[in-house]
Structures are given as C-alpha cells and as structure tokens.
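Note: the block below is run_26.txt and it holds compact mmCIF, N, CA and C atoms and all ligand atoms.
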# COMPACT_ATOMS: atom_id res chain seq x y z
N MET A 1 33.41 52.13 32.63
CA MET A 1 32.08 52.30 33.19
C MET A 1 31.33 53.34 32.40
N GLU A 2 30.16 52.99 31.95
CA GLU A 2 29.36 53.95 31.21
C GLU A 2 28.00 54.11 31.87
N PHE A 3 27.52 55.31 31.84
CA PHE A 3 26.21 55.59 32.41
C PHE A 3 25.54 56.53 31.42
N LYS A 4 24.70 55.97 30.59
CA LYS A 4 24.12 56.75 29.50
C LYS A 4 22.60 56.84 29.59
N PRO A 5 22.08 57.96 30.00
CA PRO A 5 20.63 58.11 29.96
C PRO A 5 20.20 58.26 28.50
N GLU A 6 19.31 57.39 28.04
CA GLU A 6 18.81 57.47 26.67
C GLU A 6 17.31 57.28 26.70
N GLY A 7 16.61 58.36 26.58
CA GLY A 7 15.16 58.27 26.61
C GLY A 7 14.70 57.69 27.93
N GLU A 8 13.98 56.58 27.87
CA GLU A 8 13.44 56.02 29.10
C GLU A 8 14.27 54.90 29.68
N THR A 9 15.41 54.62 29.05
CA THR A 9 16.25 53.58 29.60
C THR A 9 17.67 54.11 29.81
N ILE A 10 18.38 53.46 30.67
CA ILE A 10 19.77 53.83 30.93
C ILE A 10 20.58 52.55 30.81
N HIS A 11 21.61 52.61 30.00
CA HIS A 11 22.46 51.42 29.85
C HIS A 11 23.72 51.61 30.68
N VAL A 12 24.00 50.63 31.49
CA VAL A 12 25.17 50.70 32.35
C VAL A 12 26.05 49.51 32.03
N CYS A 13 27.33 49.73 31.78
CA CYS A 13 28.20 48.57 31.63
C CYS A 13 29.56 48.86 32.21
N VAL A 14 30.15 47.80 32.72
CA VAL A 14 31.47 47.87 33.32
C VAL A 14 32.38 47.16 32.33
N ALA A 15 33.61 47.62 32.18
CA ALA A 15 34.53 47.00 31.24
C ALA A 15 34.54 45.48 31.39
N GLY A 16 34.38 44.79 30.28
CA GLY A 16 34.43 43.33 30.30
C GLY A 16 33.16 42.69 30.82
N ASP A 17 32.11 43.49 30.86
CA ASP A 17 30.85 43.03 31.45
C ASP A 17 29.77 43.20 30.38
N HIS A 18 28.72 42.40 30.46
CA HIS A 18 27.65 42.54 29.48
C HIS A 18 26.78 43.75 29.76
N GLY A 19 26.85 44.26 30.98
CA GLY A 19 26.07 45.47 31.30
C GLY A 19 24.63 45.16 31.62
N VAL A 20 23.90 46.19 31.90
CA VAL A 20 22.51 46.03 32.27
C VAL A 20 21.76 47.26 31.78
N THR A 21 20.52 47.07 31.37
CA THR A 21 19.72 48.21 30.96
C THR A 21 18.68 48.45 32.03
N LEU A 22 18.66 49.65 32.54
CA LEU A 22 17.69 50.01 33.58
C LEU A 22 16.58 50.83 32.94
N HIS A 23 15.38 50.58 33.38
CA HIS A 23 14.25 51.33 32.84
C HIS A 23 13.83 52.38 33.85
N LEU A 24 13.69 53.60 33.37
CA LEU A 24 13.27 54.66 34.27
C LEU A 24 11.82 54.43 34.67
N SER A 25 11.54 54.68 35.92
CA SER A 25 10.17 54.52 36.39
C SER A 25 9.30 55.56 35.70
N PRO A 26 8.07 55.18 35.39
CA PRO A 26 7.18 56.12 34.72
C PRO A 26 6.66 57.19 35.68
N VAL A 27 7.52 58.12 36.02
CA VAL A 27 7.11 59.22 36.89
C VAL A 27 7.29 60.52 36.12
N ASP A 28 6.55 61.53 36.53
CA ASP A 28 6.63 62.81 35.86
C ASP A 28 7.91 63.54 36.18
N ASP A 29 8.42 63.24 37.35
CA ASP A 29 9.58 63.95 37.83
C ASP A 29 10.88 63.32 37.32
N MET A 30 11.52 63.96 36.39
CA MET A 30 12.75 63.43 35.79
C MET A 30 13.86 63.28 36.83
N ALA A 31 13.97 64.24 37.74
CA ALA A 31 15.03 64.16 38.75
C ALA A 31 14.83 62.93 39.62
N GLU A 32 13.56 62.66 39.97
CA GLU A 32 13.26 61.51 40.82
C GLU A 32 13.59 60.22 40.08
N ALA A 33 13.25 60.18 38.79
CA ALA A 33 13.53 58.99 37.98
C ALA A 33 15.03 58.77 37.85
N LEU A 34 15.77 59.85 37.67
CA LEU A 34 17.23 59.74 37.54
C LEU A 34 17.86 59.24 38.83
N VAL A 35 17.37 59.75 39.95
CA VAL A 35 17.90 59.32 41.25
C VAL A 35 17.67 57.82 41.42
N ALA A 36 16.47 57.36 41.09
CA ALA A 36 16.14 55.95 41.24
C ALA A 36 17.04 55.10 40.34
N ALA A 37 17.20 55.54 39.08
CA ALA A 37 18.01 54.77 38.14
C ALA A 37 19.48 54.80 38.53
N ALA A 38 19.95 55.96 39.00
CA ALA A 38 21.36 56.08 39.39
C ALA A 38 21.66 55.20 40.60
N SER A 39 20.70 55.11 41.53
CA SER A 39 20.88 54.25 42.69
C SER A 39 20.99 52.80 42.27
N GLU A 40 20.12 52.41 41.32
CA GLU A 40 20.15 51.03 40.83
C GLU A 40 21.46 50.76 40.13
N ALA A 41 21.90 51.74 39.33
CA ALA A 41 23.15 51.58 38.59
C ALA A 41 24.32 51.44 39.56
N SER A 42 24.32 52.26 40.60
CA SER A 42 25.40 52.20 41.58
C SER A 42 25.43 50.85 42.28
N ASP A 43 24.25 50.36 42.65
CA ASP A 43 24.16 49.05 43.30
C ASP A 43 24.71 47.97 42.38
N TYR A 44 24.30 48.04 41.11
CA TYR A 44 24.72 47.04 40.14
C TYR A 44 26.23 47.05 39.96
N VAL A 45 26.78 48.26 39.75
CA VAL A 45 28.21 48.37 39.49
C VAL A 45 29.02 48.03 40.73
N THR A 46 28.56 48.47 41.89
CA THR A 46 29.29 48.18 43.12
C THR A 46 29.31 46.68 43.37
N GLU A 47 28.21 46.00 43.02
CA GLU A 47 28.15 44.55 43.17
C GLU A 47 29.12 43.90 42.19
N ALA A 48 29.12 44.42 40.94
CA ALA A 48 29.98 43.86 39.90
C ALA A 48 31.46 44.05 40.25
N LEU A 49 31.78 45.18 40.88
CA LEU A 49 33.18 45.48 41.20
C LEU A 49 33.57 45.04 42.60
N GLY A 50 32.58 44.65 43.39
CA GLY A 50 32.82 44.33 44.79
C GLY A 50 33.95 43.35 45.04
N ALA A 51 34.05 42.34 44.17
CA ALA A 51 35.09 41.34 44.34
C ALA A 51 36.48 41.94 44.23
N LYS A 52 36.58 43.07 43.53
CA LYS A 52 37.89 43.72 43.38
C LYS A 52 38.09 44.81 44.42
N GLY A 53 37.13 44.95 45.31
CA GLY A 53 37.26 45.96 46.36
C GLY A 53 37.07 47.37 45.84
N LEU A 54 36.35 47.50 44.72
CA LEU A 54 36.12 48.83 44.16
C LEU A 54 34.67 49.26 44.38
N VAL A 55 34.44 50.55 44.31
CA VAL A 55 33.08 51.06 44.44
C VAL A 55 32.84 52.04 43.30
N TRP A 56 31.60 52.24 42.96
CA TRP A 56 31.24 53.24 41.94
C TRP A 56 29.93 53.88 42.34
N PRO A 57 29.74 55.17 42.14
CA PRO A 57 30.79 56.13 41.77
C PRO A 57 31.71 56.40 42.96
N GLN A 58 32.96 56.50 42.70
CA GLN A 58 33.94 56.71 43.77
C GLN A 58 33.85 58.15 44.29
N CYS A 59 33.91 58.29 45.59
CA CYS A 59 33.86 59.62 46.20
C CYS A 59 35.23 60.29 46.00
N PRO A 60 35.26 61.47 45.35
CA PRO A 60 36.54 62.14 45.13
C PRO A 60 37.20 62.62 46.42
N MET A 61 36.36 62.80 47.46
CA MET A 61 36.92 63.27 48.73
C MET A 61 37.45 62.12 49.58
N HIS A 62 36.89 60.93 49.36
CA HIS A 62 37.30 59.77 50.15
C HIS A 62 37.51 58.58 49.22
N PRO A 63 38.54 58.62 48.39
CA PRO A 63 38.77 57.54 47.41
C PRO A 63 38.88 56.16 48.06
N ARG A 64 38.31 55.18 47.39
CA ARG A 64 38.34 53.78 47.83
C ARG A 64 37.70 53.53 49.19
N THR A 65 36.85 54.45 49.60
CA THR A 65 36.21 54.28 50.89
C THR A 65 34.75 53.92 50.76
N HIS A 66 34.01 54.78 50.05
CA HIS A 66 32.58 54.53 49.91
C HIS A 66 32.09 55.12 48.59
N PRO A 67 30.99 54.57 48.07
CA PRO A 67 30.44 55.13 46.84
C PRO A 67 29.62 56.38 47.14
N LEU A 68 29.38 57.16 46.12
CA LEU A 68 28.51 58.33 46.27
C LEU A 68 27.07 57.85 46.30
N VAL A 69 26.20 58.67 46.82
CA VAL A 69 24.79 58.32 46.94
C VAL A 69 23.97 59.24 46.06
N ALA A 70 23.05 58.67 45.29
CA ALA A 70 22.18 59.49 44.43
C ALA A 70 21.06 60.08 45.27
N GLU A 71 20.89 61.39 45.17
CA GLU A 71 19.82 62.05 45.92
C GLU A 71 19.24 63.19 45.11
N GLN A 72 18.08 63.63 45.53
CA GLN A 72 17.45 64.75 44.86
C GLN A 72 17.59 65.98 45.74
N ARG A 73 18.17 67.04 45.19
CA ARG A 73 18.35 68.30 45.92
C ARG A 73 17.83 69.43 45.06
N ASN A 74 16.91 70.20 45.57
CA ASN A 74 16.38 71.34 44.82
C ASN A 74 15.97 70.97 43.40
N GLU A 75 15.17 69.90 43.26
CA GLU A 75 14.64 69.47 41.96
C GLU A 75 15.72 68.92 41.03
N THR A 76 16.92 68.72 41.54
CA THR A 76 18.00 68.24 40.69
C THR A 76 18.53 66.92 41.23
N ALA A 77 18.84 65.99 40.32
CA ALA A 77 19.41 64.71 40.73
C ALA A 77 20.91 64.89 40.86
N VAL A 78 21.43 64.59 42.04
CA VAL A 78 22.87 64.80 42.29
C VAL A 78 23.50 63.58 42.96
N TRP A 79 24.83 63.54 42.88
CA TRP A 79 25.61 62.55 43.62
C TRP A 79 26.11 63.24 44.88
N MET A 80 25.86 62.62 46.04
CA MET A 80 26.27 63.17 47.31
C MET A 80 27.33 62.29 47.96
N CYS A 81 28.20 62.93 48.76
CA CYS A 81 29.11 62.17 49.62
C CYS A 81 28.33 61.99 50.91
N PRO A 82 27.99 60.75 51.28
CA PRO A 82 27.20 60.53 52.51
C PRO A 82 27.97 60.87 53.77
N ALA A 83 29.29 60.83 53.72
CA ALA A 83 30.10 61.14 54.91
C ALA A 83 30.17 62.64 55.17
N ALA A 84 30.36 63.42 54.10
CA ALA A 84 30.47 64.87 54.26
C ALA A 84 29.12 65.56 54.11
N GLY A 85 28.14 64.83 53.54
CA GLY A 85 26.84 65.43 53.30
C GLY A 85 26.93 66.52 52.24
N ALA A 86 27.88 66.38 51.33
CA ALA A 86 28.11 67.41 50.31
C ALA A 86 27.76 66.91 48.92
N VAL A 87 27.25 67.83 48.08
CA VAL A 87 26.95 67.50 46.69
C VAL A 87 28.27 67.47 45.92
N VAL A 88 28.51 66.38 45.20
CA VAL A 88 29.75 66.24 44.43
C VAL A 88 29.55 66.66 42.98
N ALA A 89 28.45 66.22 42.38
CA ALA A 89 28.19 66.55 40.98
C ALA A 89 26.75 66.24 40.65
N LYS A 90 26.25 66.89 39.57
CA LYS A 90 24.93 66.53 39.09
C LYS A 90 25.06 65.15 38.47
N ILE A 91 24.00 64.34 38.55
CA ILE A 91 24.02 63.02 37.93
C ILE A 91 24.14 63.22 36.41
N GLY A 92 25.10 62.51 35.81
CA GLY A 92 25.36 62.65 34.39
C GLY A 92 26.55 63.56 34.12
N GLN A 93 27.01 64.26 35.17
CA GLN A 93 28.15 65.17 34.98
C GLN A 93 29.32 64.81 35.88
N LEU A 94 29.34 63.57 36.32
CA LEU A 94 30.41 63.15 37.19
C LEU A 94 31.70 63.01 36.37
N GLN A 95 32.79 63.52 36.91
CA GLN A 95 34.08 63.40 36.23
C GLN A 95 34.56 61.96 36.42
N ARG A 96 35.21 61.42 35.40
CA ARG A 96 35.73 60.07 35.55
C ARG A 96 37.07 60.09 36.23
ZN ZN B 1 33.00 60.86 50.67
Could you take the file, read its structure, and then write that structure out as structure tokens?
Amino acid sequence: MEFKPEGETIHVCVAGDHGVTLHLSPVDDMAEALVAAASEASDYVTEALGAKGLVWPQCPMHPRTHPLVAEQRNETAVWMCPAAGAVVAKIGQLQR
C-alpha cells in the first residue's frame, strides 16, 4: 500500500492493483485537502481489500477491527481512532 502526496495529486495503490490517482481539491487549506484525499484513499483501499476482510489504515490499537479516520485537528491532518477518539499519527507519517 502506498500513499504518496505529490503536488496536487496523490497516487494510491494496493499490491497487485492498478491503483488510483486522487486529485486534491483546489482549496487553500492544505490540511483540509489532505483530509479529503486521505478519506478518499481509505475508502478506495478499504473497498479494494474488503473481500479479504482487511481495512486500511489499520488501527494500531484495534487491529483488524476498523480503519482509522482522517480528520483535521489544530490545522493538521491526522489519522484518528474513531473508537478511542485518539490521534494515531499525522497523515503521511503512519507507520506501516
Ligand atoms: Zn481503534
């Protein structure tokens, strides 16, 4: 799984998959654009992996349970655990 922000587009691909290129919305707020793109990427990957019962990004606190949710906190785009309401990592800095 790759998540590469490059300029105004983000390329997402899952192993053995052709991947998808997401275009960042033309907004001034980079954090907002990242959150939107990360949400789209998560939806795409979760759909692609759904048949295998996998989710992405996987919550480190609750493995194989639910994906993390992209949100904006204090002007920063982050991945949150929706169950614990806790910030897991900044978007782009998630550990594999
Ligand atoms: Zn969780």
To check your reading of the model: which residues sit at most 6 Å from ligand ZN 1 (chain B) when counting all atoms listed in the file? Write the answer as a PyMOL selection string. chain A and resi 59-62+81-84
As an exercise, work out the distance from atom N of Trp79 of chain A to atom CA of Pro67 of chain A in Å and give it to one decimal place. 10.9 Å
For a test of reading the model, state the distance in Å between atom CA of Val35 of chain A and atom N of Ala51 of chain A, rounded to one decimal.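 These two atoms are separated by 23.6 Å.
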Give me the residues within 12 Å of Val69 of chain A as an NGL selection string, counting only C-alpha atoms and dropping any in the same chain fewer than 4 places off. :A and (35-43 or 46 or 55-59 or 73 or 77-91)
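For the atom pair formed by atom CA of Leu54 of chain A and atom C of Thr76 of chain A, the distance is 25.4 Å, given to one decimal.
Among the residues of segment 14-76 of chain A, backbone DSSP assigns strand (DSSP E) to A:Val20, A:Thr21, A:Leu22, A:His23, A:Val69, A:Ala70, A:Glu71, A:Gln72, A:Arg73, A:Thr76.
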Go ahead and fit an axis-aligned box to every listed atom of segment 41-56 of chain A plus 5 Å each side, and pass me the centre and edge lengths in Å, one decimal, as AutoDock Vina command-line options.
--center_x 30.0 --center_y 47.6 --center_z 42.5 --size_x 26.2 --size_y 22.5 --size_z 17.8
Could you tell me, as a ChimeraX atom specification, which residues of segment 17-86 of chain A DSSP assigns to alpha helix (DSSP H) when given the backbone? /A:30-49
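Distances from A:Leu94, A:Gly50, A:Arg64, A:Gln72 to Glu32 of chain A were compared using all atoms listed in the file, and the smallest one belongs to A:Gln72.
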Is it possible to dump segment 27-51 of chain A as an mmCIF file, in the first residue's frame, including just N, CA and C atoms?
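Written output follows (selection-v9.cif):
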data_model
loop_
_atom_site.group_PDB
_atom_site.id
_atom_site.type_symbol
_atom_site.label_atom_id
_atom_site.label_comp_id
_atom_site.auth_asym_id
_atom_site.auth_seq_id
_atom_site.Cartn_x
_atom_site.Cartn_y
_atom_site.Cartn_z
ATOM 1 N N VAL A 27 -8.279 23.854 -2.693
ATOM 2 C CA VAL A 27 -8.567 24.681 -1.521
ATOM 3 C C VAL A 27 -7.247 25.241 -1.009
ATOM 4 N N ASP A 28 -7.341 26.342 -0.291
ATOM 5 C CA ASP A 28 -6.142 26.974 0.229
ATOM 6 C C ASP A 28 -5.563 26.199 1.395
ATOM 7 N N ASP A 29 -6.448 25.512 2.073
ATOM 8 C CA ASP A 29 -6.043 24.821 3.277
ATOM 9 C C ASP A 29 -5.491 23.430 2.970
ATOM 10 N N MET A 30 -4.201 23.271 3.078
ATOM 11 C CA MET A 30 -3.553 22.003 2.760
ATOM 12 C C MET A 30 -4.038 20.882 3.677
ATOM 13 N N ALA A 31 -4.227 21.179 4.954
ATOM 14 C CA ALA A 31 -4.675 20.143 5.885
ATOM 15 C C ALA A 31 -6.046 19.626 5.476
ATOM 16 N N GLU A 32 -6.924 20.564 5.059
ATOM 17 C CA GLU A 32 -8.270 20.179 4.652
ATOM 18 C C GLU A 32 -8.210 19.308 3.397
ATOM 19 N N ALA A 33 -7.343 19.697 2.461
ATOM 20 C CA ALA A 33 -7.201 18.933 1.221
ATOM 21 C C ALA A 33 -6.659 17.537 1.508
ATOM 22 N N LEU A 34 -5.706 17.449 2.423
ATOM 23 C CA LEU A 34 -5.133 16.148 2.774
ATOM 24 C C LEU A 34 -6.165 15.244 3.429
ATOM 25 N N VAL A 35 -6.966 15.825 4.309
ATOM 26 C CA VAL A 35 -8.006 15.045 4.978
ATOM 27 C C VAL A 35 -8.977 14.482 3.942
ATOM 28 N N ALA A 36 -9.383 15.324 2.994
ATOM 29 C CA ALA A 36 -10.325 14.886 1.964
ATOM 30 C C ALA A 36 -9.715 13.769 1.121
ATOM 31 N N ALA A 37 -8.445 13.951 0.728
ATOM 32 C CA ALA A 37 -7.789 12.950 -0.118
ATOM 33 C C ALA A 37 -7.547 11.665 0.662
ATOM 34 N N ALA A 38 -7.168 11.793 1.936
ATOM 35 C CA ALA A 38 -6.904 10.607 2.746
ATOM 36 C C ALA A 38 -8.183 9.807 2.961
ATOM 37 N N SER A 39 -9.304 10.516 3.138
ATOM 38 C CA SER A 39 -10.585 9.827 3.303
ATOM 39 C C SER A 39 -10.934 9.050 2.045
ATOM 40 N N GLU A 40 -10.702 9.690 0.891
ATOM 41 C CA GLU A 40 -10.993 9.018 -0.383
ATOM 42 C C GLU A 40 -10.100 7.810 -0.548
ATOM 43 N N ALA A 41 -8.822 7.984 -0.180
ATOM 44 C CA ALA A 41 -7.860 6.893 -0.315
ATOM 45 C C ALA A 41 -8.265 5.727 0.583
ATOM 46 N N SER A 42 -8.674 6.047 1.807
ATOM 47 C CA SER A 42 -9.080 4.997 2.741
ATOM 48 C C SER A 42 -10.295 4.249 2.219
ATOM 49 N N ASP A 43 -11.260 4.991 1.682
ATOM 50 C CA ASP A 43 -12.459 4.357 1.125
ATOM 51 C C ASP A 43 -12.073 3.425 -0.012
ATOM 52 N N TYR A 44 -11.193 3.919 -0.886
ATOM 53 C CA TYR A 44 -10.776 3.143 -2.041
ATOM 54 C C TYR A 44 -10.076 1.857 -1.616
ATOM 55 N N VAL A 45 -9.106 2.008 -0.703
ATOM 56 C CA VAL A 45 -8.324 0.850 -0.279
ATOM 57 C C VAL A 45 -9.170 -0.127 0.521
ATOM 58 N N THR A 46 -10.037 0.394 1.383
ATOM 59 C CA THR A 46 -10.882 -0.486 2.182
ATOM 60 C C THR A 46 -11.820 -1.275 1.276
ATOM 61 N N GLU A 47 -12.283 -0.626 0.197
ATOM 62 C CA GLU A 47 -13.143 -1.314 -0.758
ATOM 63 C C GLU A 47 -12.345 -2.389 -1.490
ATOM 64 N N ALA A 48 -11.104 -2.020 -1.881
ATOM 65 C CA ALA A 48 -10.250 -2.958 -2.612
ATOM 66 C C ALA A 48 -9.887 -4.165 -1.750
ATOM 67 N N LEU A 49 -9.705 -3.941 -0.454
ATOM 68 C CA LEU A 49 -9.295 -5.021 0.448
ATOM 69 C C LEU A 49 -10.473 -5.702 1.124
ATOM 70 N N GLY A 50 -11.651 -5.107 0.985
ATOM 71 C CA GLY A 50 -12.819 -5.592 1.701
ATOM 72 C C GLY A 50 -13.098 -7.079 1.552
ATOM 73 N N ALA A 51 -12.877 -7.589 0.335
ATOM 74 C CA ALA A 51 -13.130 -9.002 0.089
ATOM 75 C C ALA A 51 -12.240 -9.892 0.937
#
